[in-house]
Each structure stands twice: as C-alpha cells, then as structure tokens.
file query_8.cif (mmCIF, C-alpha atoms)
data_structure
#
loop_
_atom_site.group_PDB
_atom_site.id
_atom_site.type_symbol
_atom_site.label_atom_id
_atom_site.label_comp_id
_atom_site.auth_asym_id
_atom_site.auth_seq_id
_atom_site.Cartn_x
_atom_site.Cartn_y
_atom_site.Cartn_z
ATOM 1 C CA MET P 22 49.042 -42.403 -83.510
ATOM 2 C CA THR P 23 45.871 -40.317 -83.763
ATOM 3 C CA MET P 24 43.245 -39.885 -81.081
ATOM 4 C CA SER P 25 39.644 -40.725 -81.964
ATOM 5 C CA LEU P 26 36.925 -39.902 -79.433
ATOM 6 C CA GLY P 27 34.067 -41.705 -81.194
ATOM 7 C CA PRO P 28 30.353 -40.847 -81.054
ATOM 8 C CA TYR P 29 30.486 -39.566 -77.452
ATOM 9 C CA ALA P 30 33.261 -37.033 -78.021
ATOM 10 C CA SER P 31 31.175 -34.169 -76.593
ATOM 11 C CA PHE P 32 30.808 -35.963 -73.220
ATOM 12 C CA ILE P 33 34.553 -36.635 -73.048
ATOM 13 C CA VAL P 34 35.517 -33.078 -74.029
ATOM 14 C CA MET P 35 32.982 -31.618 -71.575
ATOM 15 C CA SER P 36 34.411 -33.737 -68.734
ATOM 16 C CA TYR P 37 37.991 -32.620 -69.354
ATOM 17 C CA ALA P 38 36.919 -28.992 -69.912
ATOM 18 C CA ALA P 39 34.931 -28.981 -66.649
ATOM 19 C CA ALA P 40 37.921 -30.395 -64.746
ATOM 20 C CA ALA P 41 40.220 -27.773 -66.302
ATOM 21 C CA ILE P 42 37.800 -24.926 -65.456
ATOM 22 C CA VAL P 43 37.247 -26.033 -61.840
ATOM 23 C CA VAL P 44 40.991 -26.516 -61.215
ATOM 24 C CA ALA P 45 41.710 -23.120 -62.831
ATOM 25 C CA ILE P 46 39.078 -21.481 -60.569
ATOM 26 C CA LEU P 47 40.662 -23.135 -57.494
ATOM 27 C CA ILE P 48 44.167 -21.958 -58.449
ATOM 28 C CA GLY P 49 42.891 -18.447 -59.303
ATOM 29 C CA TRP P 50 40.988 -18.181 -56.003
ATOM 30 C CA ILE P 51 44.038 -19.244 -53.965
ATOM 31 C CA VAL P 52 46.422 -16.880 -55.823
ATOM 32 C CA LEU P 53 44.016 -13.910 -55.525
ATOM 33 C CA ASP P 54 43.361 -14.681 -51.858
ATOM 34 C CA TYR P 55 47.133 -14.696 -51.168
ATOM 35 C CA ARG P 56 47.561 -11.331 -52.900
ATOM 36 C CA ASN P 57 44.584 -9.918 -51.001
ATOM 37 C CA GLN P 58 45.855 -11.074 -47.577
ATOM 38 C CA THR P 59 49.431 -9.839 -48.151
ATOM 39 C CA ARG P 60 48.101 -6.454 -49.358
ATOM 40 C CA ARG P 61 45.901 -6.104 -46.253
ATOM 41 C CA LEU P 62 48.836 -7.020 -43.994
ATOM 42 C CA ARG P 63 51.065 -4.443 -45.683
ATOM 43 C CA ASP P 64 48.366 -1.765 -45.348
ATOM 44 C CA LEU P 65 47.944 -2.519 -41.629
ATOM 45 C CA GLU P 66 51.700 -2.468 -40.989
ATOM 46 C CA ARG P 67 52.016 0.798 -42.914
ATOM 47 C CA SER P 68 49.401 2.326 -40.610
ATOM 48 C CA GLY P 69 51.600 1.415 -37.619
ATOM 49 C CA ILE P 70 49.851 -1.749 -36.437
ATOM 50 C CA THR P 71 52.460 -4.429 -35.734
ATOM 51 C CA ARG P 72 52.474 -7.839 -34.042
ATOM 52 C CA ARG P 73 53.338 -8.056 -30.364
ATOM 53 C CA SER P 74 56.624 -9.749 -31.304
ATOM 54 C CA GLY P 75 57.482 -6.656 -33.338
ATOM 55 C CA ARG P 76 58.130 -8.821 -36.400
ATOM 56 C CA SER P 77 56.464 -8.222 -39.744
ATOM 57 C CA ALA P 78 53.356 -10.407 -40.201
ATOM 58 C CA MET P 79 54.837 -11.684 -43.431
ATOM 59 C CA ASP P 80 58.209 -12.531 -41.894
ATOM 60 C CA THR P 81 59.490 -16.085 -42.238
ATOM 61 C CA PRO P 82 62.628 -17.401 -40.528
ATOM 62 C CA ARG P 83 65.582 -17.988 -42.845
ATOM 63 C CA THR P 84 66.323 -21.453 -41.520
ATOM 64 C CA ILE P 85 64.052 -24.210 -40.386
ATOM 65 C CA THR P 86 65.453 -26.092 -37.448
ATOM 66 C CA MET E 4 61.584 -31.538 -38.245
ATOM 67 C CA THR E 5 58.627 -32.921 -36.296
ATOM 68 C CA LEU E 6 54.918 -32.146 -36.355
ATOM 69 C CA ILE E 7 55.428 -30.124 -33.172
ATOM 70 C CA ASP E 8 57.977 -27.888 -34.956
ATOM 71 C CA LEU E 9 55.326 -27.103 -37.541
ATOM 72 C CA ALA E 10 53.020 -25.909 -34.763
ATOM 73 C CA ASN E 11 54.763 -22.576 -35.183
ATOM 74 C CA PRO E 12 52.907 -20.824 -38.053
ATOM 75 C CA THR E 13 55.976 -18.764 -38.942
ATOM 76 C CA ARG E 14 58.012 -21.935 -39.450
ATOM 77 C CA PHE E 15 55.162 -23.443 -41.426
ATOM 78 C CA LEU E 16 55.107 -20.384 -43.718
ATOM 79 C CA ALA E 17 58.863 -20.785 -44.267
ATOM 80 C CA LEU E 18 58.378 -24.436 -45.158
ATOM 81 C CA THR E 19 55.572 -23.705 -47.642
ATOM 82 C CA ALA E 20 57.666 -20.979 -49.283
ATOM 83 C CA ARG E 21 60.380 -23.573 -49.906
ATOM 84 C CA VAL E 22 58.232 -26.547 -50.848
ATOM 85 C CA LEU E 23 55.428 -25.006 -52.928
ATOM 86 C CA PRO E 24 57.435 -24.285 -56.127
ATOM 87 C CA TRP E 25 58.747 -27.878 -56.208
ATOM 88 C CA LEU E 26 55.315 -29.344 -55.542
ATOM 89 C CA ALA E 27 53.735 -27.166 -58.244
ATOM 90 C CA ALA E 28 56.408 -28.217 -60.758
ATOM 91 C CA ALA E 29 55.982 -31.926 -59.905
ATOM 92 C CA THR E 30 52.192 -31.571 -60.250
ATOM 93 C CA VAL E 31 52.455 -29.939 -63.692
ATOM 94 C CA ILE E 32 54.908 -32.595 -64.951
ATOM 95 C CA LEU E 33 52.837 -35.514 -63.655
ATOM 96 C CA LEU E 34 49.565 -34.037 -64.949
ATOM 97 C CA THR E 35 51.137 -33.558 -68.386
ATOM 98 C CA VAL E 36 52.354 -37.171 -68.450
ATOM 99 C CA GLY E 37 48.986 -38.439 -67.165
ATOM 100 C CA LEU E 38 46.974 -36.433 -69.705
ATOM 101 C CA TYR E 39 49.210 -37.632 -72.542
ATOM 102 C CA GLN E 40 48.823 -41.265 -71.453
ATOM 103 C CA SER E 41 45.061 -40.798 -71.015
ATOM 104 C CA ALA E 42 44.713 -39.283 -74.484
ATOM 105 C CA TYR E 43 46.481 -42.191 -76.153
ATOM 106 C CA ALA E 44 45.041 -45.014 -74.023
ATOM 107 C CA PRO E 45 43.186 -47.564 -76.173
ATOM 108 C CA ASP E 46 39.395 -47.670 -76.328
ATOM 109 C CA ASP E 47 37.665 -50.092 -73.977
ATOM 110 C CA TYR E 48 35.862 -52.999 -75.670
ATOM 111 C CA GLN E 49 32.564 -52.012 -74.013
ATOM 112 C CA GLN E 50 32.882 -48.305 -73.156
ATOM 113 C CA GLY E 51 34.780 -47.242 -76.276
ATOM 114 C CA ALA E 52 36.506 -43.851 -75.932
ATOM 115 C CA THR E 53 34.336 -42.830 -72.956
ATOM 116 C CA VAL E 54 36.798 -44.787 -70.804
ATOM 117 C CA LYS E 55 38.923 -41.598 -71.016
ATOM 118 C CA ILE E 56 36.415 -39.923 -68.662
ATOM 119 C CA MET E 57 37.460 -42.491 -66.036
ATOM 120 C CA PHE E 58 40.982 -41.036 -65.960
ATOM 121 C CA ILE E 59 39.622 -37.850 -64.381
ATOM 122 C CA HIS E 60 36.494 -39.218 -62.715
ATOM 123 C CA VAL E 61 38.247 -41.863 -60.601
ATOM 124 C CA PRO E 62 41.049 -39.581 -59.231
ATOM 125 C CA ASN E 63 38.443 -36.966 -58.283
ATOM 126 C CA ALA E 64 36.255 -39.604 -56.633
ATOM 127 C CA TRP E 65 39.251 -40.906 -54.662
ATOM 128 C CA LEU E 66 40.202 -37.392 -53.623
ATOM 129 C CA SER E 67 36.667 -36.537 -52.535
ATOM 130 C CA MET E 68 37.057 -39.190 -49.814
ATOM 131 C CA PHE E 69 40.787 -38.669 -49.210
ATOM 132 C CA VAL E 70 40.302 -34.955 -48.482
ATOM 133 C CA TRP E 71 37.558 -35.727 -45.954
ATOM 134 C CA GLY E 72 39.975 -38.244 -44.408
ATOM 135 C CA VAL E 73 42.634 -35.520 -44.138
ATOM 136 C CA MET E 74 40.060 -33.195 -42.564
ATOM 137 C CA SER E 75 39.077 -35.928 -40.091
ATOM 138 C CA ILE E 76 42.703 -36.396 -38.979
ATOM 139 C CA ALA E 77 43.034 -32.601 -38.704
ATOM 140 C CA SER E 78 39.840 -32.550 -36.616
ATOM 141 C CA LEU E 79 41.384 -35.077 -34.236
ATOM 142 C CA GLY E 80 44.381 -32.740 -34.119
ATOM 143 C CA THR E 81 42.056 -29.911 -33.073
ATOM 144 C CA LEU E 82 40.065 -31.831 -30.459
ATOM 145 C CA VAL E 83 42.666 -34.229 -29.041
ATOM 146 C CA TRP E 84 46.165 -32.841 -29.586
ATOM 147 C CA ARG E 85 45.182 -29.129 -29.835
ATOM 148 C CA HIS E 86 47.662 -28.643 -32.661
ATOM 149 C CA PRO E 87 47.544 -24.933 -33.604
ATOM 150 C CA LEU E 88 47.552 -25.623 -37.336
ATOM 151 C CA ALA E 89 45.036 -28.501 -37.271
ATOM 152 C CA ASP E 90 41.957 -26.335 -37.722
ATOM 153 C CA VAL E 91 43.804 -24.259 -40.325
ATOM 154 C CA ALA E 92 44.405 -27.501 -42.270
ATOM 155 C CA ALA E 93 40.772 -28.602 -41.923
ATOM 156 C CA LYS E 94 39.337 -25.239 -42.961
ATOM 157 C CA ALA E 95 41.681 -24.870 -45.936
ATOM 158 C CA ALA E 96 40.911 -28.381 -47.231
ATOM 159 C CA ALA E 97 37.103 -28.045 -47.312
ATOM 160 C CA PRO E 98 36.653 -25.926 -50.478
ATOM 161 C CA ILE E 99 39.258 -28.011 -52.337
ATOM 162 C CA GLY E 100 37.506 -31.235 -51.302
ATOM 163 C CA ALA E 101 34.158 -29.768 -52.365
ATOM 164 C CA ALA E 102 35.598 -28.927 -55.799
ATOM 165 C CA PHE E 103 36.954 -32.475 -56.280
ATOM 166 C CA THR E 104 33.647 -33.991 -55.146
ATOM 167 C CA PHE E 105 31.742 -31.732 -57.546
ATOM 168 C CA LEU E 106 34.038 -32.883 -60.373
ATOM 169 C CA ALA E 107 33.543 -36.538 -59.403
ATOM 170 C CA LEU E 108 29.760 -36.090 -59.570
ATOM 171 C CA LEU E 109 29.850 -34.079 -62.801
ATOM 172 C CA THR E 110 32.254 -36.336 -64.709
ATOM 173 C CA GLY E 111 30.423 -39.429 -63.428
ATOM 174 C CA SER E 112 27.196 -37.949 -64.697
ATOM 175 C CA LEU E 113 28.751 -37.169 -68.097
ATOM 176 C CA TRP E 114 30.015 -40.755 -68.289
ATOM 177 C CA GLY E 115 26.664 -42.174 -67.130
ATOM 178 C CA ARG E 116 24.579 -40.581 -69.882
ATOM 179 C CA PRO E 117 26.173 -42.501 -72.788
ATOM 180 C CA MET E 118 26.910 -45.676 -70.763
ATOM 181 C CA TRP E 119 23.867 -46.053 -68.502
ATOM 182 C CA GLY E 120 21.449 -43.949 -70.533
ATOM 183 C CA THR E 121 20.935 -41.505 -67.659
ATOM 184 C CA TYR E 122 22.807 -38.605 -66.067
ATOM 185 C CA TRP E 123 21.688 -39.499 -62.573
ATOM 186 C CA GLU E 124 20.368 -42.484 -60.631
ATOM 187 C CA TRP E 125 19.447 -42.398 -56.941
ATOM 188 C CA ASP E 126 21.554 -45.435 -56.143
ATOM 189 C CA ALA E 127 23.656 -45.895 -52.999
ATOM 190 C CA ARG E 128 27.046 -44.798 -54.397
ATOM 191 C CA LEU E 129 25.813 -41.695 -56.199
ATOM 192 C CA THR E 130 23.556 -40.619 -53.336
ATOM 193 C CA SER E 131 26.250 -41.102 -50.659
ATOM 194 C CA VAL E 132 28.734 -39.033 -52.714
ATOM 195 C CA LEU E 133 26.086 -36.321 -53.162
ATOM 196 C CA ILE E 134 25.647 -36.314 -49.359
ATOM 197 C CA LEU E 135 29.437 -35.948 -49.021
ATOM 198 C CA PHE E 136 29.315 -32.922 -51.339
ATOM 199 C CA LEU E 137 26.496 -31.358 -49.290
ATOM 200 C CA MET E 138 28.500 -32.000 -46.096
ATOM 201 C CA TYR E 139 31.475 -30.129 -47.582
ATOM 202 C CA LEU E 140 29.179 -27.178 -48.350
ATOM 203 C CA GLY E 141 27.673 -27.333 -44.852
ATOM 204 C CA LEU E 142 31.114 -27.319 -43.276
ATOM 205 C CA MET E 143 32.188 -24.304 -45.354
ATOM 206 C CA ALA E 144 28.977 -22.517 -44.302
ATOM 207 C CA LEU E 145 29.710 -23.304 -40.641
ATOM 208 C CA TRP E 146 33.221 -21.832 -40.879
ATOM 209 C CA ARG E 147 31.775 -18.659 -42.413
ATOM 210 C CA ALA E 148 28.936 -18.405 -39.897
ATOM 211 C CA VAL E 149 31.203 -18.054 -36.841
ATOM 212 C CA ASP E 150 33.522 -15.034 -36.711
ATOM 213 C CA ASP E 151 36.033 -16.416 -34.212
ATOM 214 C CA PRO E 152 38.066 -19.179 -35.944
ATOM 215 C CA SER E 153 38.902 -20.976 -32.675
ATOM 216 C CA ARG E 154 35.203 -21.245 -31.760
ATOM 217 C CA ALA E 155 34.259 -22.412 -35.243
ATOM 218 C CA ALA E 156 37.094 -24.960 -35.194
ATOM 219 C CA ARG E 157 35.602 -27.144 -32.439
ATOM 220 C CA ALA E 158 32.110 -27.277 -33.972
ATOM 221 C CA ALA E 159 33.578 -27.954 -37.420
ATOM 222 C CA ALA E 160 35.838 -30.701 -36.019
ATOM 223 C CA VAL E 161 32.893 -32.509 -34.404
ATOM 224 C CA LEU E 162 30.847 -32.215 -37.607
ATOM 225 C CA THR E 163 33.783 -33.509 -39.678
ATOM 226 C CA LEU E 164 34.282 -36.555 -37.452
ATOM 227 C CA VAL E 165 30.557 -37.352 -37.541
ATOM 228 C CA GLY E 166 30.629 -36.952 -41.336
ATOM 229 C CA ALA E 167 33.520 -39.429 -41.582
ATOM 230 C CA ILE E 168 30.932 -42.182 -41.017
ATOM 231 C CA ASN E 169 29.936 -41.545 -44.637
ATOM 232 C CA LEU E 170 33.374 -42.633 -45.965
ATOM 233 C CA PRO E 171 32.980 -46.417 -45.428
ATOM 234 C CA ILE E 172 29.376 -46.107 -46.610
ATOM 235 C CA ILE E 173 30.615 -44.610 -49.910
ATOM 236 C CA LYS E 174 33.404 -47.181 -50.256
ATOM 237 C CA PHE E 175 31.295 -50.272 -49.549
ATOM 238 C CA SER E 176 27.948 -49.024 -50.941
ATOM 239 C CA VAL E 177 28.567 -50.991 -54.136
ATOM 240 C CA ASP E 178 28.981 -54.200 -52.083
ATOM 241 C CA TRP E 179 26.258 -53.640 -49.494
ATOM 242 C CA TRP E 180 23.502 -52.613 -51.908
ATOM 243 C CA ASN E 181 22.463 -53.546 -55.414
ATOM 244 C CA THR E 182 23.612 -50.461 -57.316
ATOM 245 C CA LEU E 183 23.991 -49.341 -60.911
ATOM 246 C CA HIS E 184 27.549 -48.224 -60.101
ATOM 247 C CA GLN E 185 30.167 -50.878 -60.865
ATOM 248 C CA PRO E 186 32.079 -52.460 -57.943
ATOM 249 C CA ALA E 187 35.696 -51.605 -57.098
ATOM 250 C CA SER E 188 38.104 -52.543 -59.885
ATOM 251 C CA VAL E 189 41.417 -51.062 -58.659
ATOM 252 C CA MET E 190 41.568 -51.249 -54.843
ATOM 253 C CA ARG E 191 40.126 -54.701 -54.210
ATOM 254 C CA MET E 192 41.080 -58.027 -52.686
ATOM 255 C CA GLY E 193 42.879 -60.092 -55.307
ATOM 256 C CA GLY E 194 44.342 -57.080 -57.137
ATOM 257 C CA SER E 195 43.160 -54.785 -59.883
ATOM 258 C CA THR E 196 40.966 -56.129 -62.677
ATOM 259 C CA LEU E 197 42.118 -53.364 -65.033
ATOM 260 C CA ASP E 198 44.449 -53.950 -67.945
ATOM 261 C CA LYS E 199 47.825 -52.186 -67.653
ATOM 262 C CA SER E 200 46.965 -49.935 -70.607
ATOM 263 C CA PHE E 201 44.206 -48.382 -68.434
ATOM 264 C CA LEU E 202 45.691 -48.928 -64.986
ATOM 265 C CA ILE E 203 48.960 -47.019 -65.572
ATOM 266 C CA PRO E 204 47.365 -43.758 -66.875
ATOM 267 C CA LEU E 205 44.770 -44.008 -64.101
ATOM 268 C CA LEU E 206 47.415 -44.328 -61.381
ATOM 269 C CA VAL E 207 49.535 -41.524 -62.883
ATOM 270 C CA MET E 208 46.480 -39.248 -62.955
ATOM 271 C CA ALA E 209 45.574 -40.261 -59.387
ATOM 272 C CA VAL E 210 49.066 -39.372 -58.118
ATOM 273 C CA ALA E 211 49.005 -36.126 -60.155
ATOM 274 C CA PHE E 212 45.649 -35.066 -58.681
ATOM 275 C CA THR E 213 46.840 -35.998 -55.185
ATOM 276 C CA LEU E 214 49.918 -33.802 -55.675
ATOM 277 C CA LEU E 215 47.601 -31.061 -56.959
ATOM 278 C CA PHE E 216 45.607 -31.346 -53.751
ATOM 279 C CA VAL E 217 48.727 -31.211 -51.545
ATOM 280 C CA THR E 218 49.973 -28.128 -53.425
ATOM 281 C CA LEU E 219 46.633 -26.310 -53.263
ATOM 282 C CA HIS E 220 46.126 -27.318 -49.640
ATOM 283 C CA LEU E 221 49.494 -25.951 -48.483
ATOM 284 C CA ALA E 222 48.859 -22.709 -50.400
ATOM 285 C CA ALA E 223 45.354 -22.401 -48.917
ATOM 286 C CA MET E 224 46.750 -23.061 -45.406
ATOM 287 C CA ARG E 225 49.308 -20.276 -45.934
ATOM 288 C CA ASN E 226 46.443 -17.946 -46.941
ATOM 289 C CA GLU E 227 44.446 -18.927 -43.860
ATOM 290 C CA ILE E 228 47.398 -18.170 -41.540
ATOM 291 C CA LEU E 229 47.798 -14.759 -43.182
ATOM 292 C CA ARG E 230 44.030 -14.145 -42.905
ATOM 293 C CA ARG E 231 44.210 -14.815 -39.147
ATOM 294 C CA ARG E 232 47.157 -12.439 -38.804
ATOM 295 C CA VAL E 233 45.138 -9.767 -40.630
ATOM 296 C CA ARG E 234 42.251 -10.421 -38.252
ATOM 297 C CA SER E 235 44.395 -10.133 -35.111
ATOM 298 C CA LEU E 236 46.051 -6.921 -36.381
ATOM 299 C CA GLN E 237 42.617 -5.471 -37.200
ATOM 300 C CA MET E 238 41.467 -6.308 -33.664
ATOM 301 C CA MET E 239 44.564 -4.568 -32.257
ATOM 302 C CA GLN E 240 43.787 -1.557 -34.446
ATOM 303 C CA ALA E 241 40.156 -1.529 -33.269
ATOM 304 C CA SER E 242 41.181 -1.770 -29.592
ATOM 305 C CA ARG E 243 43.641 1.134 -30.037
ATOM 306 C CA VAL E 244 40.900 3.254 -31.611
ATOM 307 C CA ALA E 245 38.504 2.333 -28.780
ATOM 308 C CA PHE E 246 41.176 3.116 -26.162
ATOM 309 C CA SER E 247 42.037 6.506 -27.662
ATOM 310 C CA SER E 248 38.354 7.456 -27.984
ATOM 311 C CA ASP E 249 37.826 6.399 -24.334
ATOM 312 C CA VAL E 250 40.720 8.629 -23.243
ATOM 313 C CA GLY E 251 39.374 11.476 -25.384
ATOM 314 C CA GLY E 252 35.833 10.987 -24.026
ATOM 315 C CA GLY E 253 37.179 10.854 -20.434
ATOM 316 C CA SER E 254 39.012 14.185 -20.777
ATOM 317 C CA ASN E 255 35.889 15.845 -22.197
ATOM 318 C CA ALA E 256 33.890 14.548 -19.257
ATOM 319 C CA SER E 257 36.393 15.928 -16.744
ATOM 320 C CA LYS E 258 36.261 19.300 -18.500
ATOM 321 C CA GLU E 259 32.483 19.254 -18.230
ATOM 322 C CA VAL E 260 32.708 18.346 -14.504
ATOM 323 C CA GLY E 261 35.235 21.100 -13.996
ATOM 324 C CA ALA E 262 33.010 23.633 -15.744
ATOM 325 C CA ALA E 263 30.084 22.600 -13.618
#
call {"tool": "encode", "arguments": {"input": "query_8.cif", "output": "structure tokens"}}
result
Amino acid sequence: MTMSLGPYASFIVMSYAAAAIVVAILIGWIVLDYRNQTRRLRDLERSGITRRSGRSAMDTPRTIT
Amino acid sequence: MTLIDLANPTRFLALTARVLPWLAAATVILLTVGLYQSAYAPDDYQQGATVKIMFIHVPNAWLSMFVWGVMSIASLGTLVWRHPLADVAAKAAAPIGAAFTFLALLTGSLWGRPMWGTYWEWDARLTSVLILFLMYLGLMALWRAVDDPSRAARAAAVLTLVGAINLPIIKFSVDWWNTLHQPASVMRMGGSTLDKSFLIPLLVMAVAFTLLFVTLHLAAMRNEILRRRVRSLQMMQASRVAFSSDVGGGSNASKEVGAA
C-alpha cells in the first residue's frame, strides 16, 4: 500500500513537521532544564550548602510506602 | 499510595524516577502505531488526504482544553486543599498546554487554507481557542513576574479558575453560534459520526498525545521541584553570606569604638 498525499501535500507535511518540531522543542527544553537544575544543586552542595534535613537535594527514598 | 503521600516532594521525585521511563516508552510505541495508522488511513470523500491533518489537529485541540482542566483542578488544590505539589503541577503544565494550543491553532490553520479557502476566520471556535492560547501565555508571564513561587501560586490559581470559564465556551461555541468550524463529530450525543477507518487512528493518536502530556508534565514537575530546592539553597547561601558580613562588620565597628 502506498501513501498519496494529493494536491495539498505541502499543508499535510507542514502540519506534521510543525508538530514534530514543537514536541522536540518541549522535550529538549525539559531535558536541558533538568540537567541545569541538577548541576546547580550539585554546585551548591559542593560549596557546603545543604538542606536542613542534611539530605542531598537530589536524594530520593528507595521505597515508596 | 494516596494523594496525601505524594504531598512529600521527595516521594514524588522517587515516583517519577520509577514511572517516567515506562511512560516515555508507552508514548513512543503508541505514537508510532498512531502515526502508521494515520499515514495509511484512506482519503476522505470530501477532504481527500488533508483528513490526515485531523489526526494531529484534533488531539492537540483536545489537549489544549484538557491541560487547562488539569491546571484548574491543581488550582483548586492550591486554594482549597493547600496541597504542596498543586501549584507545582499547575506551573509545570502551562508551557506544555500553550504548546499544544499553538499546534491546534497552527494545524487547524493549515487545514483551513485548502478546505475553507482561508488560514483564519474570526469565528467563535477559532477566536475562543486563540483566547485560551493568550491566557496560557499570560499565566506563564504571571509566574515569571513574581519571584516567590508561593505568592505567585495564589494569583495564578485564581486566574486559572477564572479562565476555566472559557472551556465550555470553546466546547459549545459550534452549537451556540453560527461558525465556519464543523460541530463535534466524536464526543457527541448519539455517538461518533466518524467511520472506523478514521476514528481508530484518531483515538490512538489522542491517547498517544495524552500520554505524551502526562510524561512531559511529570518531568516538568520534577524540574520545578528541583528549581525550588535550588532557590531555597541559594537563599540559605545568601543568608549565610549576610550573617558572616554582619559579624565581620560588627567586629570592625567594635575595633573602631575601642580605638576611639
């Protein structure tokens, strides 16, 4: 089975390309933001600033109860 | 696990670390299936191949309203139940909702040009969705304008709940006014009017995009929690610096008094 997009192929391709670009930007922004926040937390902890609980700011409990 | 258990950000981070890989994998699989089905769906007897635009336009249009609905529930969580993660959820959802709304407007416009003969028409459905998009941008601006997240949260929650009035207007605009936009064809009394060859890819894509939203939202919430931890550690650092400079300044002053 072959796919034919007809006379309005450019509109269809543009729609899918725009969706792909916007979703890629969203994913990229979230991944970069995560890296940025974890790097800043590590830098702060390295300089001796810790949470009042004494735990690392990136700590997560091993079990969820 | 209850909603109250998730009030602890550390537990929430543990949950996201476990769930995110599975959600991302499910999203990729469902999107692949949906895109394949969309690509090989038959042409519509009126729209021709442009019906394929509907497979991304409709899920994005649904999500534009769904995300505002999620933000409205989160806003109730902020104002009524004071759930610690409610404003985190609302803030993290706004840019994602704005992106989906932008895509709904853009893909609708790209479908409208060949089908209606125009990219844009100031009819009730299109205008109310444009207002929704502007409200998303306004909300994001509000969050950025106030430094303290807890202060911004209350104002943003009120604005979100007021903005929720727009959701039924968007949904029923095609019934209440005479618009160029076609009436509901999937979620309507009496069942869908779509043929299965269009309905199945559309529903698969809708579920795939919803999973994409859930995945991105959880990841963005995790980032927001980390951002707030960075902020509180920076404030602790600043207060230590201020305290040590105060102590240093105080000792200099006493020396000066002593010298005098």
call {"tool": "interface_residues", "arguments": {"input": "query_8.cif", "of": "chain E", "to": "chain P", "cutoff": "6 Å", "atoms": "only C-alpha atoms", "output": "PyMOL selection string"}}
result
chain E and resi 13+17+52+56+110+113+226+230+233
call {"tool": "atom_distance", "arguments": {"input": "query_8.cif", "atom1": "CA of Ala44 (chain E)", "atom2": "CA of Ser112 (chain E)"}}
result
21.3 Å
call {"tool": "residues_around", "arguments": {"input": "query_8.cif", "residues": "region 30-40 of chain E", "least_positions_apart": "5", "cutoff": "8 Å", "atoms": "all atoms listed in the file", "output": "PyMOL selection string"}}
result
chain E and resi 204-205+207-208+210-212+214-215+218
call {"tool": "closest_residue", "arguments": {"input": "query_8.cif", "among": "E:Arg128, E:Phe58, E:Met238, E:Leu142", "to": "Asn181 (chain E)", "atoms": "only C-alpha atoms"}}
result
E:Arg128
call {"tool": "atom_distance", "arguments": {"input": "query_8.cif", "atom1": "CA of Thr182 (chain E)", "atom2": "CA of Ala102 (chain E)"}}
result
24.7 Å
call {"tool": "residues_around", "arguments": {"input": "query_8.cif", "residues": "Tyr139 (chain E)", "least_positions_apart": "4", "cutoff": "9 Å", "atoms": "all atoms listed in the file", "output": "PyMOL selection string"}}
result
chain E and resi 71+97-98+100-101+104+134-135+143-144+163
call {"tool": "atom_distance", "arguments": {"input": "query_8.cif", "atom1": "CA of Ala64 (chain E)", "atom2": "CA of Ala167 (chain E)"}}
result
15.3 Å
call {"tool": "resolve_selection", "arguments": {"input": "query_8.cif", "expression": "the PyMOL selection byres ((chain E and resi 75) around 8)", "output": "list in words"}}
result
Trp71, Gly72, Val73, Met74, Ile76, Ala77, Ser78, Leu79, Ala93, Ala160, Thr163, Leu164 and Ala167 of chain E
call {"tool": "residues_near_point", "arguments": {"input": "query_8.cif", "point": "(23.4, -43.1, -55.1)", "cutoff": "12 Å", "atoms": "all atoms listed in the file", "output": "list of chain:residue names"}}
result
E:Leu108, E:Gly111, E:Ser112, E:Tyr122, E:Trp123, E:Glu124, E:Trp125, E:Asp126, E:Ala127, E:Arg128, E:Leu129, E:Thr130, E:Ser131, E:Val132, E:Leu133, E:Ile134, E:Leu135, E:Ile172, E:Ile173, E:Lys174, E:Ser176, E:Val177, E:Trp180, E:Asn181, E:Thr182, E:Leu183, E:His184, E:Gln185
call {"tool": "resolve_selection", "arguments": {"input": "query_8.cif", "expression": "the PyMOL selection byres ((chain E and resi 87) around 10)", "output": "list of chain:residue names"}}
result
E:Ile7, E:Leu9, E:Ala10, E:Asn11, E:Pro12, E:Gly80, E:Thr81, E:Trp84, E:Arg85, E:His86, E:Leu88, E:Ala89, E:Asp90, E:Val91, E:Ala92, E:Ser153
